[in-house]
Each structure stands twice: as structure tokens, then as C-alpha cells.
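What follows is a short report on a single structure.
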Amino acid sequence: MSDMVDTPAGRLPVVKMDRRELLMGLAAGTVVPLVAGCTAHNEALGRSQLMIVSDAQIAQLSQQTWQQSLQQERVSRDAGKRRQVERVGTRIAQGSGLTQYDWEFVVFENDQINAWVLPNGKVAIYSGLLDVVGNDDQLATVIGHEAGHVAGRHAQERASQQMAAGMGASLAAVALDQGGVDNAGMWAGVLGAGLTFGVLLPYSRRHEYEADRLGADYMTRSSYRASEALTFWNGMMARSSRGSQPAFLSTHPSDAQRMQALDAHIRASGYA
Ligand SMILES: [Zn+2]
């Protein structure tokens with residue numbers, strides 16, 4: 001079950017592996033535990049994550065990917081749209097408390113209903129998405145959810161899982177020993193594949209639940225109405241059932257169960 005994916009470093013196989021497969025691989029010896037300290041506790045999620053990529057590597061690759069995107073896409077000159085995204089993005093960034101990132105919010109002139117984030121806090125919002133959000137609260141839903149993926153370190157986790165699955169432990173250990181960004185045709189490839197989650201490939205179900213929960217928290221802390229998140233996602237799903245799947249829904253798969261979980265979180269937290 002391996003697809004190919006285009007990354008900044010070329011075409012790469014994508015190894016899809018969930019926790020159960022990873023554990024089975026560990027048990028069968030096909031996946032060897034890497035090195036001590038390859039998991040990290042994530043405060044925002046309240047759980048540990050496999051984390052064998054360094055923040056420096058991720059930051060460097062994110063920046064490269066961002067620069068490429070700015071060249072390849074058409075950056076919008078629409079002052080109104082830019083102001084809206086800047087206004088909502090800044091408020092979510094501050095409200096979320098994720099001030100360690102160098103947040104940037106850019107509008108791409110593109111009819112696709114889409115948005116994505118890179119792990120270094122660079123957020124792309126497509127004009128097609130702005131055309132369908134009903135208000136700032138719904139835009140805050142998108143940005144808050146994306147910020148949730150950043151805080152959840154979801155791209156890094158996926159890249160780490162891919163490395164563990166695809167490269168084998170010894171190779172990864174050697175790469176780790178040699179330390180970092182220098183030797184990195186190989187690293188760039190695997191990390192690049194990790195970065196494409198949320199840009200080209202769907203996040204996992206677990207990551208969606210986590211980003212939903214954090215997104216609703218960030219919306220509330222930024223004085224947006226979290227209940228508008230349900231309006232937004234239900235609207236996306238309605239489009240999908242009418243036969244035109246928004247690109248945003250392809251990378252952030254949604255269904256009734258996910259909405260129930262989000263609704264339950266909003267109610268249990270007493271959010272507006
Ligand atoms: Zn998502």
C-alpha cells in the first residue's frame with residue numbers, strides 16, 4: 001500500500017502506518033525501536049508522540065516549502081481579503097498563546113476552497129475559501145483548526161512515523177547520529193513527505209479530532225464563537241454531498257462522527 005508523492009526533493013513512496021501497524025511492526029521486528037528519547041510528550045495533546053525529526057530540520061524544510069509556494073501561487077492583491085485574513089489570523093495566534101511561531105497569513109488568488117499550514121506557522125488561505133466563509137468566526141474556524149495541527153506537531157509526527165516505517169531503524173539512527181540538516185537529500189525527502197500532510201494528503205482521523213478540539217479552544221480564547229465551527233464544517237460536508245468536494249475537505253476528512261465529537265467538546269466546555 002504505497003503511493004508516490006511529489007515533494008520538494010522529488011518523488012517518494014508514501015508509507016501509511018497507523019499506531020497499530022507501528023506496534024505490530026515493532027512486535028514482528030520489522031520496525032525496530034529507534035533510539036532512546038524518540039518520543040516526546042506534547043503538552044497541547046496530553047500524549048506522547050514518536051518524534052525523530054528535529055525542530056531545526058522541520059523549520060528549514062518548512063521555510064523552503066513556503067518560499068516555493070509564494071513563487072508558485074498567485075499572492076492576492078485584494079486588500080479586503082488580506083486584511084480579513086490578517087485580522088483573524090493575528091487574533092487566533094495571540095489567543096492561542098502559540099507565540100513561539102513566526103506566524104504569517106497569506107491569501108492565494110485561487111478558486112479552490114482550500115487552506116493549509118506549515119509546521120513553522122505559515123498559513124495559506126485560498127480566495128476560493130474566503131468566498132464561502134460566512135463571517136470572521138468561520139474563518140477563525142479554519143485558522144484555529146490549522147493552528148491546532150501546528151500545536152499538535154502533526155506533520156512532524158507523520159514524518160517520524162514514515163521514517164520509522166520506511167527507512168528502517170538503523171538507517172534513521174545513522175542519520176540521527178550524523179546530525180541533522182547537513183546530510184540531507186534523504187532527510188529532505190522523508191521530511192518533505194511529512195510536510196505534504198495537510199497540504200496534499202489527508203490528516204489522520206486522530207489528528208482531525210485533536211485539531212478540532214484545539215481549534216475550538218483557540219477560537220474561544222480569541223473571542224470567536226466556537227459554534228460557528230459546526231456551521232462551517234457542515235457547510236463543507238453539504239458541498240461534498242452535492243458532488244463538489246472542497247479541496248480543504250480532502251485534506252481534512254470530515255464526517256458526522258467528527259462533528260458529534262466537536263459538538264460534544266463545545267458543549268462540555270461551555271463555549272458559545
Ligand atoms: Zn485538519
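Each chain in the C-alpha cells gets a letter, A, B and so on, in the order shown; residues start at 1 in every chain, and ligands are counted from 1 in the order they appear.
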Which residues form the shell of 7 Å around ligand 1 when you count only C-alpha atoms and all ligand atoms, given as a PDB file with all heavy atoms, in the first residue's frame?
ATOM      1  N   HIS A 145      -8.215  25.665  13.519  1.00  0.00           N
ATOM      2  CA  HIS A 145      -8.002  24.240  13.256  1.00  0.00           C
ATOM      3  C   HIS A 145      -6.579  24.007  12.734  1.00  0.00           C
ATOM      4  O   HIS A 145      -5.881  23.085  13.181  1.00  0.00           O
ATOM      5  CB  HIS A 145      -9.046  23.771  12.236  1.00  0.00           C
ATOM      6  CG  HIS A 145      -8.949  22.321  11.876  1.00  0.00           C
ATOM      7  ND1 HIS A 145      -9.681  21.341  12.515  1.00  0.00           N
ATOM      8  CD2 HIS A 145      -8.204  21.680  10.942  1.00  0.00           C
ATOM      9  CE1 HIS A 145      -9.395  20.154  11.982  1.00  0.00           C
ATOM     10  NE2 HIS A 145      -8.494  20.327  11.021  1.00  0.00           N
ATOM     11  N   GLU A 146      -6.145  24.849  11.828  1.00  0.00           N
ATOM     12  CA  GLU A 146      -4.786  24.718  11.288  1.00  0.00           C
ATOM     13  C   GLU A 146      -3.749  24.947  12.393  1.00  0.00           C
ATOM     14  O   GLU A 146      -2.742  24.246  12.462  1.00  0.00           O
ATOM     15  CB  GLU A 146      -4.562  25.711  10.139  1.00  0.00           C
ATOM     16  CG  GLU A 146      -5.458  25.472   8.916  1.00  0.00           C
ATOM     17  CD  GLU A 146      -5.188  24.132   8.243  1.00  0.00           C
ATOM     18  OE1 GLU A 146      -4.017  23.788   8.067  1.00  0.00           O
ATOM     19  OE2 GLU A 146      -6.160  23.423   7.918  1.00  0.00           O
ATOM     20  N   HIS A 149      -3.234  21.865  14.285  1.00  0.00           N
ATOM     21  CA  HIS A 149      -2.300  20.906  13.673  1.00  0.00           C
ATOM     22  C   HIS A 149      -0.850  21.297  13.967  1.00  0.00           C
ATOM     23  O   HIS A 149       0.010  20.443  14.135  1.00  0.00           O
ATOM     24  CB  HIS A 149      -2.513  20.853  12.155  1.00  0.00           C
ATOM     25  CG  HIS A 149      -3.712  20.058  11.729  1.00  0.00           C
ATOM     26  ND1 HIS A 149      -3.924  18.751  12.112  1.00  0.00           N
ATOM     27  CD2 HIS A 149      -4.769  20.385  10.924  1.00  0.00           C
ATOM     28  CE1 HIS A 149      -5.064  18.303  11.565  1.00  0.00           C
ATOM     29  NE2 HIS A 149      -5.596  19.278  10.854  1.00  0.00           N
ATOM     30  N   GLY A 198      -1.665  17.497   5.041  1.00  0.00           N
ATOM     31  CA  GLY A 198      -2.329  18.775   5.278  1.00  0.00           C
ATOM     32  C   GLY A 198      -2.196  19.718   4.105  1.00  0.00           C
ATOM     33  O   GLY A 198      -2.925  20.691   4.006  1.00  0.00           O
ATOM     34  N   TYR A 203      -4.925  14.362   6.634  1.00  0.00           N
ATOM     35  CA  TYR A 203      -4.535  14.084   8.013  1.00  0.00           C
ATOM     36  C   TYR A 203      -5.279  12.842   8.466  1.00  0.00           C
ATOM     37  O   TYR A 203      -6.314  12.470   7.914  1.00  0.00           O
ATOM     38  CB  TYR A 203      -4.928  15.252   8.918  1.00  0.00           C
ATOM     39  CG  TYR A 203      -3.999  16.435   8.874  1.00  0.00           C
ATOM     40  CD1 TYR A 203      -4.360  17.595   8.200  1.00  0.00           C
ATOM     41  CD2 TYR A 203      -2.769  16.412   9.515  1.00  0.00           C
ATOM     42  CE1 TYR A 203      -3.519  18.704   8.155  1.00  0.00           C
ATOM     43  CE2 TYR A 203      -1.923  17.507   9.480  1.00  0.00           C
ATOM     44  CZ  TYR A 203      -2.298  18.644   8.808  1.00  0.00           C
ATOM     45  OH  TYR A 203      -1.459  19.720   8.778  1.00  0.00           O
ATOM     46  N   HIS A 207      -5.696  12.975  14.183  1.00  0.00           N
ATOM     47  CA  HIS A 207      -5.197  14.340  14.066  1.00  0.00           C
ATOM     48  C   HIS A 207      -6.342  15.325  13.838  1.00  0.00           C
ATOM     49  O   HIS A 207      -6.306  16.463  14.318  1.00  0.00           O
ATOM     50  CB  HIS A 207      -4.176  14.428  12.925  1.00  0.00           C
ATOM     51  CG  HIS A 207      -2.844  13.808  13.278  1.00  0.00           C
ATOM     52  ND1 HIS A 207      -1.835  13.648  12.362  1.00  0.00           N
ATOM     53  CD2 HIS A 207      -2.376  13.312  14.449  1.00  0.00           C
ATOM     54  CE1 HIS A 207      -0.786  13.084  12.958  1.00  0.00           C
ATOM     55  NE2 HIS A 207      -1.104  12.865  14.214  1.00  0.00           N
ATOM     56  N   GLU A 208      -7.353  14.891  13.111  1.00  0.00           N
ATOM     57  CA  GLU A 208      -8.509  15.773  12.885  1.00  0.00           C
ATOM     58  C   GLU A 208      -9.246  16.064  14.194  1.00  0.00           C
ATOM     59  O   GLU A 208      -9.599  17.201  14.482  1.00  0.00           O
ATOM     60  CB  GLU A 208      -9.466  15.146  11.872  1.00  0.00           C
ATOM     61  CG  GLU A 208      -9.000  15.307  10.435  1.00  0.00           C
ATOM     62  CD  GLU A 208      -8.603  16.739  10.123  1.00  0.00           C
ATOM     63  OE1 GLU A 208      -9.478  17.614  10.159  1.00  0.00           O
ATOM     64  OE2 GLU A 208      -7.425  16.985   9.868  1.00  0.00           O
ATOM     65  N   ALA A 211      -7.105  18.477  16.206  1.00  0.00           N
ATOM     66  CA  ALA A 211      -7.095  19.845  15.669  1.00  0.00           C
ATOM     67  C   ALA A 211      -8.447  20.521  15.902  1.00  0.00           C
ATOM     68  O   ALA A 211      -8.519  21.730  16.158  1.00  0.00           O
ATOM     69  CB  ALA A 211      -6.756  19.825  14.179  1.00  0.00           C
ATOM     70  N   THR A 251      -8.143  17.101   2.479  1.00  0.00           N
ATOM     71  CA  THR A 251      -7.001  17.008   3.387  1.00  0.00           C
ATOM     72  C   THR A 251      -7.443  16.957   4.843  1.00  0.00           C
ATOM     73  O   THR A 251      -6.672  16.574   5.719  1.00  0.00           O
ATOM     74  CB  THR A 251      -6.039  18.195   3.174  1.00  0.00           C
ATOM     75  OG1 THR A 251      -6.802  19.392   3.068  1.00  0.00           O
ATOM     76  CG2 THR A 251      -5.223  17.998   1.913  1.00  0.00           C
ATOM     77  N   HIS A 252      -8.694  17.384   5.109  1.00  0.00           N
ATOM     78  CA  HIS A 252      -9.234  17.348   6.473  1.00  0.00           C
ATOM     79  C   HIS A 252     -10.555  16.572   6.438  1.00  0.00           C
ATOM     80  O   HIS A 252     -11.629  17.163   6.527  1.00  0.00           O
ATOM     81  CB  HIS A 252      -9.463  18.766   7.006  1.00  0.00           C
ATOM     82  CG  HIS A 252      -8.226  19.615   6.970  1.00  0.00           C
ATOM     83  ND1 HIS A 252      -7.325  19.682   8.005  1.00  0.00           N
ATOM     84  CD2 HIS A 252      -7.725  20.405   6.007  1.00  0.00           C
ATOM     85  CE1 HIS A 252      -6.330  20.485   7.690  1.00  0.00           C
ATOM     86  NE2 HIS A 252      -6.549  20.939   6.477  1.00  0.00           N
TER      87      HIS A 252
END
Give me the residues within 6 Å of region 91-104 of chain A as a JSON list (two decimals) with C-alpha atoms, in the first residue's frame, counting only C-alpha atoms and dropping any in the same chain fewer than 5 places off.
[["chain", "number", "residue", "atom", "x", "y", "z"],
["A", 121, "GLY", "CA", 3.28, 28.78, 11.34],
["A", 122, "LYS", "CA", 2.98, 29.82, 7.70],
["A", 123, "VAL", "CA", -0.70, 29.76, 6.74],
["A", 218, "TYR", "CA", -8.29, 28.80, 20.38],
["A", 221, "ARG", "CA", -9.78, 32.25, 23.79],
["A", 222, "SER", "CA", -9.76, 34.68, 20.87]]
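For Gln67 (chain A), the list of residues within 12 Å, based on only C-alpha atoms and with local chain neighbours fewer than 5 positions off taken out, reads Pro8, Gln60, Leu61, Ser62, Gln72, Glu73, Val75, Val106, Leu118, Lys122 and Ala124 of chain A.
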Within 8 Å of Ile52 (chain A) using only C-alpha atoms, minus same-chain residues under 4 positions, as a ChimeraX atom specification: /A:38-39,160
Please produce a file of those selected residues containing N, CA, C and O atoms, as a PDB file, in the first residue's frame.
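Result file follows (out-v8.pdb):
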ATOM      1  N   CYS A  38      13.109   8.880  21.515  1.00  0.00           N
ATOM      2  CA  CYS A  38      12.499   9.178  20.229  1.00  0.00           C
ATOM      3  C   CYS A  38      11.009   9.485  20.367  1.00  0.00           C
ATOM      4  O   CYS A  38      10.318   9.648  19.399  1.00  0.00           O
ATOM      5  N   THR A  39      10.527   9.527  21.599  1.00  0.00           N
ATOM      6  CA  THR A  39       9.174  10.037  21.773  1.00  0.00           C
ATOM      7  C   THR A  39       9.247  11.335  22.566  1.00  0.00           C
ATOM      8  O   THR A  39      10.185  11.570  23.307  1.00  0.00           O
ATOM      9  N   SER A 160       7.906  11.397  11.239  1.00  0.00           N
ATOM     10  CA  SER A 160       8.616  10.460  12.113  1.00  0.00           C
ATOM     11  C   SER A 160       8.123   9.034  11.890  1.00  0.00           C
ATOM     12  O   SER A 160       8.906   8.091  11.828  1.00  0.00           O
TER      13      SER A 160
END
Residues of region 82-258 of chain A in helix (DSSP H, G or I), written as a VMD selection string: chain A and resid 82 to 96 127 to 130 136 to 151 154 to 166 169 to 178 184 to 195 205 to 221 227 to 241 247 to 251 256 to 258
